[in-house]
Amino acid sequence: MELIHLQEVSYSELRTEQMDCFIAACGYQPRCYFLAENISASIPRKYLLAIDENNQKQSRGNHMEIFNRLGFKNYYTSLNESGVIEDLIAEICNINARQLNILVDYSCMPKKWYALIIDSISRNNFKARNINLFLSYTPKLF
């Protein structure tokens, strides 16, 4: 896969783009679901990355319920494990499509995870011919 160009788009422009899938991460702060609540209704495939831990805080459990209500499919992984994310990217990108638009909300995502998403897309040749990757970040105060 080859990077063709980078471009910044506003939130209003992002709302008009037709996305094929949405990847988000469940965190402890309410901003983790802000974009999902405001933009995910028309996106057909939605994936949620969550840290696989036994003693999760109440807030993260509440946030998981919000994502589940919005139709996200859960993928549990650890901070240092890469297989789940690489498999998810392969599942998303190995479809016969002329163009694939992927929205990634990295607001509450560990840097290692979104770096892995970008790396996995850029170093593999998938069936999708053109992959457009939209990266979104919601600041702590939104």
# chains A, B, ... in the order shown; residues from 1 in each chain; ligands from 1
$ select_by_dssp --residues "stretch 50-107 of chain A" --states "strand (DSSP E or B)" --output "ChimeraX atom specification"
/A:50-51,73-77,99-105
$ select_by_dssp --residues "chain A" --states "alpha helix (DSSP H)" --output "compact mmCIF listing (two decimals) with N, CA, C and O atoms, in the first residue's frame"
# COMPACT_ATOMS: atom_id res chain seq x y z
N TYR A 11 -14.72 18.88 11.02
CA TYR A 11 -15.76 18.00 11.56
C TYR A 11 -16.99 18.01 10.65
O TYR A 11 -17.57 16.96 10.37
N SER A 12 -17.37 19.18 10.15
CA SER A 12 -18.54 19.25 9.27
C SER A 12 -18.29 18.51 7.95
O SER A 12 -19.19 17.87 7.41
N GLU A 13 -17.07 18.60 7.42
CA GLU A 13 -16.73 17.85 6.21
C GLU A 13 -16.74 16.34 6.48
O GLU A 13 -17.19 15.56 5.65
N LEU A 14 -16.23 15.96 7.64
CA LEU A 14 -16.18 14.55 8.01
C LEU A 14 -17.58 13.96 8.07
O LEU A 14 -17.81 12.82 7.66
N ARG A 15 -18.53 14.74 8.53
CA ARG A 15 -19.93 14.28 8.63
C ARG A 15 -20.54 14.00 7.26
O ARG A 15 -21.48 13.23 7.16
N THR A 16 -20.00 14.62 6.20
CA THR A 16 -20.56 14.40 4.86
C THR A 16 -19.88 13.25 4.12
O THR A 16 -20.38 12.83 3.08
N PHE A 34 -17.85 10.32 22.10
CA PHE A 34 -18.43 11.54 21.53
C PHE A 34 -18.63 11.41 20.02
O PHE A 34 -19.72 11.64 19.50
N LEU A 35 -17.58 11.06 19.29
CA LEU A 35 -17.69 10.95 17.83
C LEU A 35 -18.65 9.83 17.44
O LEU A 35 -19.45 9.99 16.51
N ALA A 36 -18.60 8.73 18.16
CA ALA A 36 -19.49 7.60 17.85
C ALA A 36 -20.95 8.01 17.98
O ALA A 36 -21.78 7.65 17.14
N GLU A 37 -21.29 8.77 19.00
CA GLU A 37 -22.67 9.21 19.18
C GLU A 37 -23.11 10.20 18.12
O GLU A 37 -24.28 10.26 17.77
N ASN A 38 -22.17 10.96 17.59
CA ASN A 38 -22.52 12.04 16.67
C ASN A 38 -22.34 11.73 15.20
O ASN A 38 -22.80 12.51 14.36
N ILE A 39 -21.68 10.62 14.87
CA ILE A 39 -21.39 10.39 13.45
C ILE A 39 -21.59 8.94 13.02
O ILE A 39 -21.64 8.66 11.82
N GLN A 58 -15.99 1.52 36.69
CA GLN A 58 -17.41 1.69 36.38
C GLN A 58 -17.63 2.54 35.13
O GLN A 58 -18.45 2.22 34.28
N SER A 59 -16.85 3.63 34.99
CA SER A 59 -17.04 4.52 33.84
C SER A 59 -16.80 3.80 32.53
O SER A 59 -17.54 3.98 31.56
N ARG A 60 -15.76 2.96 32.48
CA ARG A 60 -15.49 2.25 31.24
C ARG A 60 -16.59 1.25 30.93
O ARG A 60 -16.98 1.07 29.77
N GLY A 61 -17.15 0.61 31.94
CA GLY A 61 -18.28 -0.29 31.73
C GLY A 61 -19.47 0.44 31.15
O GLY A 61 -20.14 -0.06 30.24
N ASN A 62 -19.74 1.65 31.66
CA ASN A 62 -20.84 2.48 31.12
C ASN A 62 -20.56 2.87 29.68
O ASN A 62 -21.48 2.89 28.85
N HIS A 63 -19.31 3.18 29.37
CA HIS A 63 -18.95 3.56 28.01
C HIS A 63 -19.10 2.38 27.05
O HIS A 63 -19.54 2.54 25.91
N MET A 64 -18.75 1.18 27.53
CA MET A 64 -18.92 -0.02 26.70
C MET A 64 -20.40 -0.20 26.35
O MET A 64 -20.73 -0.55 25.22
N GLU A 65 -21.27 0.06 27.30
CA GLU A 65 -22.72 -0.07 27.05
C GLU A 65 -23.18 0.92 25.97
O GLU A 65 -24.01 0.58 25.14
N ILE A 66 -22.63 2.13 25.99
CA ILE A 66 -22.98 3.13 24.98
C ILE A 66 -22.56 2.64 23.60
O ILE A 66 -23.33 2.68 22.64
N PHE A 67 -21.31 2.16 23.49
CA PHE A 67 -20.83 1.66 22.20
C PHE A 67 -21.67 0.46 21.73
O PHE A 67 -22.01 0.36 20.55
N ASN A 68 -22.01 -0.44 22.63
CA ASN A 68 -22.83 -1.60 22.26
C ASN A 68 -24.20 -1.16 21.78
O ASN A 68 -24.72 -1.71 20.80
N ARG A 69 -24.78 -0.17 22.43
CA ARG A 69 -26.09 0.36 22.00
C ARG A 69 -25.99 0.95 20.60
O ARG A 69 -26.94 0.90 19.82
N GLY A 83 -1.79 -8.99 17.54
CA GLY A 83 -2.52 -9.90 16.67
C GLY A 83 -3.98 -9.54 16.45
O GLY A 83 -4.48 -9.62 15.33
N VAL A 84 -4.68 -9.13 17.50
CA VAL A 84 -6.11 -8.80 17.38
C VAL A 84 -6.31 -7.63 16.42
O VAL A 84 -7.18 -7.66 15.54
N ILE A 85 -5.50 -6.60 16.57
CA ILE A 85 -5.64 -5.41 15.72
C ILE A 85 -5.23 -5.72 14.29
O ILE A 85 -5.91 -5.31 13.34
N GLU A 86 -4.15 -6.44 14.09
CA GLU A 86 -3.72 -6.80 12.74
C GLU A 86 -4.78 -7.67 12.05
O GLU A 86 -5.05 -7.47 10.86
N ASP A 87 -5.38 -8.60 12.79
CA ASP A 87 -6.43 -9.44 12.22
C ASP A 87 -7.67 -8.60 11.86
O ASP A 87 -8.30 -8.83 10.83
N LEU A 88 -8.00 -7.64 12.71
CA LEU A 88 -9.15 -6.76 12.43
C LEU A 88 -8.90 -5.95 11.16
O LEU A 88 -9.78 -5.86 10.30
N ILE A 89 -7.72 -5.38 11.01
CA ILE A 89 -7.40 -4.59 9.81
C ILE A 89 -7.45 -5.48 8.57
O ILE A 89 -7.97 -5.07 7.53
N ALA A 90 -6.95 -6.69 8.67
CA ALA A 90 -7.01 -7.61 7.52
C ALA A 90 -8.46 -7.94 7.18
O ALA A 90 -8.83 -7.98 6.00
N GLU A 91 -9.29 -8.16 8.19
CA GLU A 91 -10.72 -8.44 7.96
C GLU A 91 -11.40 -7.26 7.26
O GLU A 91 -12.19 -7.45 6.33
N ILE A 92 -11.08 -6.05 7.69
CA ILE A 92 -11.70 -4.85 7.12
C ILE A 92 -11.24 -4.61 5.69
O ILE A 92 -12.04 -4.32 4.80
N CYS A 93 -9.94 -4.74 5.46
CA CYS A 93 -9.34 -4.32 4.18
C CYS A 93 -9.30 -5.40 3.11
O CYS A 93 -9.05 -5.09 1.95
N LYS A 111 -1.28 5.00 21.88
CA LYS A 111 -0.51 5.33 20.66
C LYS A 111 -0.09 4.08 19.93
O LYS A 111 -0.08 4.06 18.69
N LYS A 112 0.25 3.06 20.67
CA LYS A 112 0.70 1.81 20.05
C LYS A 112 -0.39 1.22 19.15
O LYS A 112 -0.09 0.66 18.11
N TRP A 113 -1.66 1.35 19.56
CA TRP A 113 -2.75 0.78 18.77
C TRP A 113 -2.95 1.53 17.46
O TRP A 113 -3.07 0.92 16.41
N TYR A 114 -3.00 2.87 17.50
CA TYR A 114 -3.26 3.54 16.23
C TYR A 114 -2.03 3.53 15.34
O TYR A 114 -2.15 3.52 14.12
N ALA A 115 -0.84 3.46 15.92
CA ALA A 115 0.36 3.28 15.10
C ALA A 115 0.32 1.92 14.40
O ALA A 115 0.68 1.80 13.23
N LEU A 116 -0.16 0.91 15.11
CA LEU A 116 -0.29 -0.43 14.54
C LEU A 116 -1.32 -0.46 13.42
O LEU A 116 -1.12 -1.12 12.40
N ILE A 117 -2.41 0.28 13.58
CA ILE A 117 -3.43 0.36 12.52
C ILE A 117 -2.82 0.97 11.26
O ILE A 117 -2.95 0.41 10.16
N ILE A 118 -2.14 2.09 11.41
CA ILE A 118 -1.52 2.75 10.25
C ILE A 118 -0.46 1.87 9.63
O ILE A 118 -0.40 1.70 8.41
N ASP A 119 0.38 1.26 10.46
CA ASP A 119 1.45 0.40 9.97
C ASP A 119 0.89 -0.81 9.24
O ASP A 119 1.36 -1.18 8.17
N SER A 120 -0.14 -1.42 9.80
CA SER A 120 -0.72 -2.60 9.18
C SER A 120 -1.32 -2.29 7.81
O SER A 120 -1.17 -3.06 6.87
N ILE A 121 -1.97 -1.14 7.71
CA ILE A 121 -2.54 -0.75 6.41
C ILE A 121 -1.44 -0.44 5.41
O ILE A 121 -1.51 -0.85 4.25
N SER A 122 -0.40 0.26 5.85
CA SER A 122 0.63 0.71 4.90
C SER A 122 1.59 -0.40 4.46
O SER A 122 2.15 -0.32 3.37
N ARG A 123 1.79 -1.42 5.27
CA ARG A 123 2.76 -2.45 4.88
C ARG A 123 2.16 -3.67 4.20
O ARG A 123 2.87 -4.57 3.79
$ closest_residue --among "A:Leu49, A:Leu103, A:Ala97, A:Ile43" --to "A:Leu79" --atoms "only C-alpha atoms"
A:Leu49
$ closest_residue --among "A:Tyr33, A:Phe72, A:Tyr28, A:Phe126" --to "A:Ile51" --atoms "only C-alpha atoms"
A:Tyr28
$ atom_distance --atom1 "atom CA of A:Leu48" --atom2 "atom CA of A:Arg31"
14.2 Å
$ closest_residue --among "A:Cys21, A:Ile102, A:Leu6, A:Leu135" --to "A:Lys46" --atoms "only C-alpha atoms"
A:Cys21
$ closest_residue --among "A:Gln18, A:Ser136, A:Ala41, A:Lys57" --to "A:Asn101" --atoms "only C-alpha atoms"
A:Gln18
$ closest_residue --among "A:Met19, A:Met109, A:Leu100, A:Ala25" --to "A:Arg129" --atoms "only C-alpha atoms"
A:Leu100
$ atom_distance --atom1 "atom CA of A:Asp105" --atom2 "atom CA of A:Ala50"
12.9 Å
